[in-house]
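**Q** Here it is, the structure in full.
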Amino acid sequence: MEKNYWAIHMGENNRYADVAYENNFIGVGWNVIPDLTNFRNTNNRQFKDKINPLLEKAYPDKSINAKGQIIGQLYRFGNLMNLGDIVLVPNTQEGKVYAGFISSEYFHETDAGEQCPHQHRRKVKWLKILNWDDVSRKLKNTLGSIMTTFSVSDHWEEIEKLLAESDAESGAVENYEEFGLESHLEDFLVENWERLKLGEKYDIFKEDNQVVGQQYVTPIGRIDILARAKDNNGWLVIELKKGKDDDRVVGQTLRYIGWVAESLAEKEEDVKGLIITKEKDDKLMYALRALNNVSFMTYSVKFDLKEEK
């Protein structure tokens with residue numbers, strides 16, 4: 001086990017769980033504590049010595065034990081979580097658990113807004129929605145902790161099994177390094193869409209003049225990028241391989257094509273799929289050979305350092 005496994009309660013009764021899922025982040029409150037970046041790279045004792053006076057001032061009536069729990073949870077969130085760690089966000093009222101992959105370092109969101117006021121945040125790429133009924137009693141009991149941020153690494157084998165089980169929501173991630181790289185690629189594609197060849201024929205899907213085509217939510221999962229033909233006569237479902245095996249990504253793409261054809265497209269509109277992957281893949285090519293509505297593209301990343309005199 002190289003990565004850690006965490007659970008986060010997003011507000012009282014997990015009231016902010018859906019907001020976190022829809023906006024790809026996790027967060028904790030205690031906004032009286034300023035940007036934790038100022039307290040990074042400190043050990044637990046140093047962190048406590050710096051945070052405790054702020055808590056004493058903000059919460060004079062809280063017990064020493066209560067303030068100690070706050071310090072511990074902030075320390076875990078700001079200092080112990082790492083890129084690639086798995087995080088679970090329970091939403092027990094709706095019978096599900098959001099499972100994600102931490103994709104950013106800690107950051108402080110000053111303008112958090114009313115939807116979720118938590119200012120201490122990390123970005124997450126969600127992998128799957130777990131069914132609460134599929135979770136063991138032991139893991140359920142752990143997820144019921146009164147704490148906000150806590151480790152669930154003791155249950156890593158069960159969590160990995162739940163993530164690996166194929167369902168309509170998402171395929172398991174086989175290669176986390178590739179997943180992280182292609183998660184950033186998704187943002188790059190969206191931000192540079194107009195300069196890409198894809199942008200000549202398609203626009204990222206909009207509703208009420210708002211771009212909604214990135215991580216487009218459907219009843220069977222999230223489409224990485226959903227695009228509409230500029231002449232309004234076709235659709236393009238774009239899936240980044242993101243570490244999933246070939247059969248899963250092909251099956252996922254076909255499911256999304258079917259859903260778009262059934263739910264969004266007019267009868268005469270064409271719905272195509274595009275899979276983007278890091279390198280040419282013979283297995284993927286064979287899988288797509290019999291399909292005339294799904295193609296694939298590869299991408300490359302160039303990174304260069306030059307010594308300046």
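All residue names refer to the structure tokens as shown: chains lettered A, B, ... in order, residues numbered from 1 in each chain, ligands numbered from 1 in order.
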Can you pull out every residue within 12 Å of region 190-195 of chain A, counting only C-alpha atoms, but drop anything in the same chain fewer than 2 positions away, and send it as a list in words?

**A**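 The residues that qualify are Ser183, His184, Leu185, Glu186, Asp187, Phe188, Lys197, Leu198, Gly199, Glu200, Lys201, Tyr202, Asp203, Ile204, Phe205, Val211, Val212, Gly213, Gln214, Gln215, Asp224, Ile225, Leu226, Ala227, Lys230 and Ile238 of chain A.
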
**Q** So that I have them on file, write out the residues from the current selection with C-alpha atoms, as an mmCIF file, in the first residue's frame.

**A**
data_model
loop_
_atom_site.group_PDB
_atom_site.id
_atom_site.type_symbol
_atom_site.label_atom_id
_atom_site.label_comp_id
_atom_site.auth_asym_id
_atom_site.auth_seq_id
_atom_site.Cartn_x
_atom_site.Cartn_y
_atom_site.Cartn_z
ATOM 1 C CA SER A 183 -6.880 14.647 -15.626
ATOM 2 C CA HIS A 184 -4.706 17.718 -16.244
ATOM 3 C CA LEU A 185 -5.029 17.091 -19.995
ATOM 4 C CA GLU A 186 -8.798 17.398 -19.674
ATOM 5 C CA ASP A 187 -8.466 20.907 -18.237
ATOM 6 C CA PHE A 188 -5.936 21.803 -20.948
ATOM 7 C CA LYS A 197 -8.628 21.055 -34.476
ATOM 8 C CA LEU A 198 -11.592 19.708 -32.534
ATOM 9 C CA GLY A 199 -12.684 23.297 -31.942
ATOM 10 C CA GLU A 200 -13.053 23.882 -35.679
ATOM 11 C CA LYS A 201 -16.074 21.583 -35.893
ATOM 12 C CA TYR A 202 -17.356 21.314 -32.318
ATOM 13 C CA ASP A 203 -18.167 23.547 -29.361
ATOM 14 C CA ILE A 204 -18.101 22.275 -25.792
ATOM 15 C CA PHE A 205 -21.747 21.729 -24.894
ATOM 16 C CA VAL A 211 -20.445 25.701 -20.595
ATOM 17 C CA VAL A 212 -21.497 22.425 -18.954
ATOM 18 C CA GLY A 213 -19.778 19.925 -21.232
ATOM 19 C CA GLN A 214 -16.770 19.226 -19.006
ATOM 20 C CA GLN A 215 -17.520 16.339 -16.639
ATOM 21 C CA ASP A 224 -15.206 13.771 -19.621
ATOM 22 C CA ILE A 225 -16.042 16.239 -22.407
ATOM 23 C CA LEU A 226 -19.322 16.498 -24.307
ATOM 24 C CA ALA A 227 -19.243 18.612 -27.476
ATOM 25 C CA LYS A 230 -21.182 23.938 -34.621
ATOM 26 C CA ILE A 238 -14.776 12.490 -25.572
#

**Q** May I have all residues of region 2-239 of chain A that DSSP, computed from the backbone, assigns to strand (DSSP E), given as a short mmCIF file (atom, residue, chain, number, x, y, z; two decimals) with C-alpha atoms, in the first residue's frame?

**A**
data_model
loop_
_atom_site.label_atom_id
_atom_site.label_comp_id
_atom_site.auth_asym_id
_atom_site.auth_seq_id
_atom_site.Cartn_x
_atom_site.Cartn_y
_atom_site.Cartn_z
CA TYR A 5 -6.92 6.42 2.28
CA TRP A 6 -8.95 9.19 3.90
CA ALA A 7 -12.56 10.07 4.66
CA ILE A 8 -14.02 13.57 4.82
CA PHE A 25 -13.03 19.32 -4.44
CA ILE A 26 -12.95 18.38 -0.77
CA GLY A 27 -12.76 20.90 2.04
CA VAL A 28 -12.88 21.52 5.77
CA ILE A 86 -7.83 8.11 -2.13
CA VAL A 87 -10.58 10.04 -0.37
CA LEU A 88 -14.14 8.97 0.50
CA VAL A 89 -16.97 11.46 1.06
CA PRO A 90 -20.07 9.81 2.54
CA ASN A 91 -23.52 10.98 1.51
CA LYS A 96 -23.81 6.62 -1.55
CA VAL A 97 -20.16 7.39 -1.01
CA TYR A 98 -18.14 9.55 -3.41
CA ALA A 99 -14.70 8.06 -4.02
CA GLY A 100 -11.97 10.24 -5.48
CA PHE A 101 -8.32 10.78 -6.17
CA ILE A 102 -6.58 13.83 -4.61
CA PHE A 107 -5.08 25.61 -1.33
CA HIS A 108 -7.05 28.34 0.44
CA HIS A 120 -9.44 24.91 3.28
CA ARG A 121 -9.56 22.79 0.12
CA ARG A 122 -7.98 20.27 -2.19
CA LYS A 123 -9.03 19.36 -5.72
CA VAL A 124 -10.27 15.85 -6.40
CA LYS A 125 -10.84 13.81 -9.54
CA TRP A 126 -13.75 11.55 -8.73
CA LEU A 127 -13.39 7.90 -9.65
CA LYS A 128 -16.68 6.35 -8.70
CA ILE A 129 -19.88 6.59 -6.68
CA LEU A 130 -20.03 3.67 -4.25
CA ASN A 131 -23.36 2.22 -3.17
CA THR A 149 -11.05 14.29 8.52
CA PHE A 150 -9.75 10.84 9.38
CA SER A 151 -7.82 7.90 8.00
CA TYR A 202 -17.36 21.31 -32.32
CA ASP A 203 -18.17 23.55 -29.36
CA ILE A 204 -18.10 22.28 -25.79
CA LYS A 206 -23.60 24.66 -23.35
CA GLU A 207 -26.90 24.98 -21.53
CA GLN A 210 -23.16 28.23 -19.75
CA VAL A 211 -20.44 25.70 -20.60
CA GLN A 214 -16.77 19.23 -19.01
CA GLN A 215 -17.52 16.34 -16.64
CA TYR A 216 -21.09 16.31 -17.93
CA VAL A 217 -23.29 14.48 -15.43
CA THR A 218 -25.57 11.70 -16.72
CA GLY A 221 -21.75 8.52 -15.06
CA ARG A 222 -19.80 11.63 -16.04
CA ILE A 223 -18.72 12.28 -19.62
CA ASP A 224 -15.21 13.77 -19.62
CA ILE A 225 -16.04 16.24 -22.41
CA LEU A 226 -19.32 16.50 -24.31
CA ALA A 227 -19.24 18.61 -27.48
CA ARG A 228 -21.92 19.74 -29.94
CA ALA A 229 -21.30 20.27 -33.66
CA GLY A 234 -24.02 16.14 -34.31
CA TRP A 235 -22.46 15.32 -30.95
CA LEU A 236 -19.02 14.17 -29.82
CA VAL A 237 -18.43 12.18 -26.63
CA ILE A 238 -14.78 12.49 -25.57
CA GLU A 239 -13.32 10.10 -23.03
#

**Q** For Leu54 (chain A), find every residue with an atom within 12 Å (counting only C-alpha atoms), except residues of its own chain fewer than 2 positions away, and show them as a list of chain:residue names.

**A**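 Result of the neighbour search: A:Trp30, A:Asn31, A:Val32, A:Ile33, A:Pro34, A:Phe47, A:Lys48, A:Asp49, A:Lys50, A:Ile51, A:Asn52, A:Glu56, A:Lys57, A:Ala58, A:Tyr59, A:Pro60, A:Lys67, A:Ile70, A:Ile71.
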
**Q** Could you write those residues out with N, CA and C atoms, as a CSV table (one decimal), in the first residue's frame?

**A**
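Written output follows (out_2.csv):
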chain,number,residue,atom,x,y,z
A,30,TRP,N,-13.6,25.6,9.8
A,30,TRP,CA,-12.7,26.3,10.7
A,30,TRP,C,-12.0,27.5,10.0
A,31,ASN,N,-12.8,28.3,9.4
A,31,ASN,CA,-12.3,29.4,8.6
A,31,ASN,C,-11.6,30.5,9.4
A,32,VAL,N,-11.7,30.4,10.7
A,32,VAL,CA,-11.0,31.3,11.6
A,32,VAL,C,-9.5,31.1,11.5
A,33,ILE,N,-9.1,29.9,11.0
A,33,ILE,CA,-7.7,29.6,10.8
A,33,ILE,C,-7.3,30.1,9.4
A,34,PRO,N,-6.3,30.9,9.3
A,34,PRO,CA,-6.0,31.4,7.9
A,34,PRO,C,-5.3,30.3,7.0
A,47,PHE,N,3.1,22.6,14.3
A,47,PHE,CA,1.8,23.0,13.8
A,47,PHE,C,0.9,23.4,15.0
A,48,LYS,N,0.9,22.5,16.0
A,48,LYS,CA,0.0,22.8,17.2
A,48,LYS,C,0.4,24.1,17.8
A,49,ASP,N,1.7,24.4,18.0
A,49,ASP,CA,2.1,25.6,18.7
A,49,ASP,C,1.7,26.8,17.9
A,50,LYS,N,1.6,26.7,16.6
A,50,LYS,CA,1.2,27.9,15.8
A,50,LYS,C,-0.3,28.1,15.7
A,51,ILE,N,-1.1,27.0,15.7
A,51,ILE,CA,-2.5,27.0,15.5
A,51,ILE,C,-3.2,27.2,16.8
A,52,ASN,N,-2.7,26.7,17.9
A,52,ASN,CA,-3.4,26.7,19.2
A,52,ASN,C,-3.8,28.1,19.6
A,56,GLU,N,-7.5,29.4,20.6
A,56,GLU,CA,-7.8,29.9,21.9
A,56,GLU,C,-8.6,31.2,21.8
A,57,LYS,N,-8.2,32.1,20.8
A,57,LYS,CA,-8.8,33.4,20.7
A,57,LYS,C,-10.2,33.2,20.0
A,58,ALA,N,-10.4,32.3,19.1
A,58,ALA,CA,-11.6,32.1,18.3
A,58,ALA,C,-12.6,31.3,19.2
A,59,TYR,N,-12.2,30.3,19.9
A,59,TYR,CA,-13.1,29.4,20.6
A,59,TYR,C,-12.6,29.3,22.1
A,60,PRO,N,-12.8,30.4,22.9
A,60,PRO,CA,-12.3,30.4,24.3
A,60,PRO,C,-13.1,29.4,25.1
A,67,LYS,N,-10.2,21.5,21.1
A,67,LYS,CA,-9.3,22.2,20.3
A,67,LYS,C,-8.2,21.3,19.7
A,70,ILE,N,-9.5,19.6,16.6
A,70,ILE,CA,-9.5,20.5,15.5
A,70,ILE,C,-8.1,20.6,14.9
A,71,ILE,N,-7.1,20.8,15.7
A,71,ILE,CA,-5.7,20.9,15.3
A,71,ILE,C,-5.3,19.6,14.5

**Q** Just to confirm, what's the straight-line distance from CA of Val294 (chain A) to CA of Pro219 (chain A) in Å (one decimal)?

**A**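 For CA of Val294 (chain A) relative to CA of Pro219 (chain A), the distance reads 21.3 Å.
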
**Q** Measure the distance from CA of Ile220 (chain A) to CA of Arg255 (chain A) in Å and round it to one decimal.

**A**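 So the answer is 8.0 Å.
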
**Q** Interatomic distance between CA of Gln115 (chain A) and CA of Ala17 (chain A)?

**A** 10.5 Å

**Q** Name the residues in contact with region 273-287 of chain A at a cut-off of 7 Å, using only C-alpha atoms, excluding same-chain residues fewer than 6 positions from it; report them as a PyMOL selection string.

**A** chain A and resi 236-241+246+253+257+293-300

**Q** Would you export the selected residues with C-alpha atoms as an mmCIF file, in the first residue's frame, please?

**A**
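To be explicit, this is the file written out as part11.cif:
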data_model
loop_
_atom_site.group_PDB
_atom_site.id
_atom_site.type_symbol
_atom_site.label_atom_id
_atom_site.label_comp_id
_atom_site.auth_asym_id
_atom_site.auth_seq_id
_atom_site.Cartn_x
_atom_site.Cartn_y
_atom_site.Cartn_z
ATOM 1 C CA LEU A 236 -19.021 14.168 -29.817
ATOM 2 C CA VAL A 237 -18.433 12.176 -26.628
ATOM 3 C CA ILE A 238 -14.776 12.490 -25.572
ATOM 4 C CA GLU A 239 -13.319 10.102 -23.033
ATOM 5 C CA LEU A 240 -9.755 10.252 -21.726
ATOM 6 C CA LYS A 241 -8.413 6.791 -21.004
ATOM 7 C CA ASP A 246 -9.165 -0.822 -22.954
ATOM 8 C CA THR A 253 -17.722 5.447 -24.314
ATOM 9 C CA ILE A 257 -22.925 7.536 -26.925
ATOM 10 C CA ASN A 293 -18.606 5.761 -34.679
ATOM 11 C CA VAL A 294 -15.644 5.744 -32.257
ATOM 12 C CA SER A 295 -12.114 6.904 -33.056
ATOM 13 C CA PHE A 296 -9.043 7.555 -30.952
ATOM 14 C CA MET A 297 -6.252 10.090 -30.737
ATOM 15 C CA THR A 298 -2.955 10.130 -28.878
ATOM 16 C CA TYR A 299 -1.289 13.036 -27.129
ATOM 17 C CA SER A 300 2.279 13.859 -26.184
#

**Q** Which of these, A:Pro53, A:Gly113, A:Gly84, A:Gly68, has the shortest distance to Tyr16 (chain A) once you count only C-alpha atoms?

**A** A:Gly113
